[in-house]
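**Q** Before I ask anything, here is the structure I am working with.
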Amino acid sequence: MRVDSHLHFWRPERGDYPWMLDAPPVLKRRYGPDELAPLLAEAGITATILVQAAPTVAETDYLLGIADAIPWTAGVVGWIDFERPDERGTLDRLAAHPKLVGVRPMVQDIADDDWITGPGIAWAFDALQERGLAFDALGYSRHARRFLKLCETHPDLRVVIDHGLKPAIARGEFEPWAADMRDLARNSGAFCKLSGLASEAAYGAPVVSLQRYADVLLETFGPSRLMWGSDWPVCTTAIGYSEWLLACETWMAPLDPDARARVFGANALAFYQIQGE
């Protein structure tokens with residue numbers, strides 16, 4: 001079973017995508033399942049994880065509604081306000097939906113880099129653990145040690161690092177990103193998504209230039225904790241859906257068939273606790 005572990009749908013007219021004000025024009029329009037379906041069919045993808053792109057509960061409800069209507073949406077990673085402990089009731093309501101598999105605050109957009117380890121939001125991680133939900137860690141390389149501390153203080157929390165922690169590839173960043181990823185992988189049980197790297201490179205950069213970053217993720221997290229994702233439609237600012245998949249398949253080609261099957265499907269199902277076919 002081939003799984004895309006990370007993609008988005010959105011409707012700009014909803015008005016709850018503040019990041020879209022400064023986004024490339026190609027992203028400032030509707031993206032939905034009808035447009036994606038042919039790409040999935042061509043790629044042989046049979047299940048997807050739909051991830052929040054707006055810091056609102058209303059968007060999470062919108063995504064869960066899509067999941068109800070689209071069988072190949074196997075799970076939704078939603079959002080709650082981590083700064084409001086009274087949101088436990090909201091989390092309970094969302095968690096009652098069988099396709100809610102996790103939650104993601106948009107850490108990359110928060111000015112305080114230490115926000116994720118602050119005492120005021122610890123309740124949220126406890127609540128996720130209690131409800132069997134995962135945590136998607138969306139940040140930049142500067143957040144590596146904060147995410148490691150989170151894993152250390154909540155060892156039973158299932159954590160996945162989105163987009164390889166978004167190294168600043170366009171600026172030539174490799175170290176200390178690579179060392180931080182090795183440290184994070186070695187000292188935690190976190191998983192990592194092989195996604196989003198093309199969007200961090202300079203416009204027009206050859207895809208082969210991204211391989212050394214993918215190699216680090218495979219080396220550090222191994223084929224048992226790495227999961228492929230398209231980050232569609234964000235990826236379209238740099239690369240097409242099929243082109244990104246082909247590049248990742250080429251980089252993972254030296255793995256044995258079982259290991260490749262884990263990277264391109266089984267790991268996502270296991271991490272998000274989704275029953276595969």
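As shown in the structure tokens, the chain order sets the letters A, B, ...; within each chain, residues go from 1, and ligands are also counted from 1 in the order they appear.
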Enumerate the residues of segment 70-272 of chain A with a DSSP assignment of strand (DSSP E), computed from the backbone, and present them as a PyMOL selection string.
**A** chain A and resi 73-78+100-103+134-137+159-161+191-194+226-228
**Q** Just want the 8 Å neighbourhood of Ala134 of chain A, counted on only C-alpha atoms, with same-chain residues fewer than 4 positions away dropped. Output as a list in words.
**A**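 Counting only C-alpha atoms, the residues come to Val101, Gly102, Val103, Leu128, Gln129, Leu157, Arg158, Val159, Val160, Phe271 and Tyr272 of chain A.
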**Q** Using the selection just defined, write its residues with C-alpha atoms as an mmCIF file, in the first residue's frame.
**A**
```
data_model
loop_
_atom_site.group_PDB
_atom_site.id
_atom_site.type_symbol
_atom_site.label_atom_id
_atom_site.label_comp_id
_atom_site.auth_asym_id
_atom_site.auth_seq_id
_atom_site.Cartn_x
_atom_site.Cartn_y
_atom_site.Cartn_z
ATOM 1 C CA VAL A 101 -4.812 10.917 13.593
ATOM 2 C CA GLY A 102 -2.816 13.836 14.940
ATOM 3 C CA VAL A 103 -2.434 17.546 15.619
ATOM 4 C CA LEU A 128 -2.490 13.904 22.774
ATOM 5 C CA GLN A 129 -0.859 10.943 24.504
ATOM 6 C CA LEU A 157 4.335 10.900 22.424
ATOM 7 C CA ARG A 158 4.479 9.860 18.758
ATOM 8 C CA VAL A 159 6.386 12.663 17.000
ATOM 9 C CA VAL A 160 7.138 13.064 13.306
ATOM 10 C CA PHE A 271 3.028 5.864 12.840
ATOM 11 C CA TYR A 272 -0.508 7.214 12.437
#
```
**Q** So how many Å separate atom CA of Thr250 of chain A and atom CA of Val207 of chain A, to one decimal?
**A**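 Spanning atom CA of Thr250 of chain A to atom CA of Val207 of chain A is a straight-line distance of 11.1 Å.
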**Q** Just the number, please: distance in Å from atom CA of Lys166 of chain A to atom CA of Tyr140 of chain A, one decimal.
**A**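 Between these atoms lies a distance of 5.1 Å.
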**Q** Pick the closest to Glu59 of chain A from A:Ile80, A:Val26, A:Ala122, A:Leu39: which is it, counting only C-alpha atoms?
**A**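 Among the listed residues, A:Ile80 lies closest to Glu59 of chain A.
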**Q** Could you pull the residues within 9 Å of Ser5 of chain A, counting only C-alpha atoms, minus those fewer than 2 positions along the same chain, as a list in words?
**A**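 Final neighbour list, sorted by chain and number: Val3, Leu7, Ala47, Thr48, Ile49, Leu50, Val51, Lys193, Ser195, Met227, Trp228, Gly229, Ser230, Asp231, Phe264, Gly265, Ala268 and Leu269 of chain A.
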**Q** May I have the residues within 8 Å of Ala144 of chain A as a list in words, using only C-alpha atoms and disregarding those fewer than 5 positions away in the same chain?
**A**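 Once the adjacent positions are removed, what remains is Leu165, Asp180, Met181 and Leu184 of chain A.
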**Q** With C-alpha atoms retained, export the selected residues as a PDB file, in the first residue's frame.
**A**
```
ATOM      1  CA  LEU A 165      13.035  20.174   9.523  1.00  0.00           C
ATOM      2  CA  ASP A 180      21.243  18.283  14.556  1.00  0.00           C
ATOM      3  CA  MET A 181      19.205  15.715  12.602  1.00  0.00           C
ATOM      4  CA  LEU A 184      17.559  14.165  17.040  1.00  0.00           C
TER       5      LEU A 184
END
```
**Q** Rounded to one decimal in Å, what is the spacing between atom CA of Asp215 of chain A and atom CA of Trp251 of chain A?
**A** 7.6 Å
**Q** Do a neighbour search on Pro25 of chain A at 12 Å with only C-alpha atoms, toss out local chain neighbours closer than 4 positions, and write the hits as a PyMOL selection string.
**A** chain A and resi 12+20-21+29-30+234+236-237
**Q** I'd like the contact shell of Asp183 of chain A - 10 Å cut-off, only C-alpha atoms, skipping same-chain residues fewer than 5 positions apart - returned as a count of residues only.
**A** 7
**Q** Quick one: of A:Cys248, A:His143, A:Ser209, A:Glu243, who's nearest to Phe174 of chain A, counting only C-alpha atoms?
**A**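 Smallest separation from Phe174 of chain A among the options: A:Ser209.
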**Q** Determine which residues of segment 17-252 of chain A DSSP labels as helix (DSSP H, G or I) from the backbone of this structure, then write them out as a PyMOL selection string.
**A** chain A and resi 18-22+25-27+33-43+57-69+85-95+107-109+115-117+119-130+141-153+162-165+169-171+177-186+197-200+207-221+234-237+241-252
**Q** With distances taken over only C-alpha atoms, which residue among A:Gln211, A:Arg84, A:Ile169, A:Leu94 lies nearest Asp61 of chain A?
**A**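 The answer is A:Leu94, which sits nearest to Asp61 of chain A.
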**Q** Return the single residue from A:Ile116, A:Leu150, A:Val57, A:Val76 that is closest to Leu133 of chain A, with distances computed using only C-alpha atoms.
**A** A:Val76
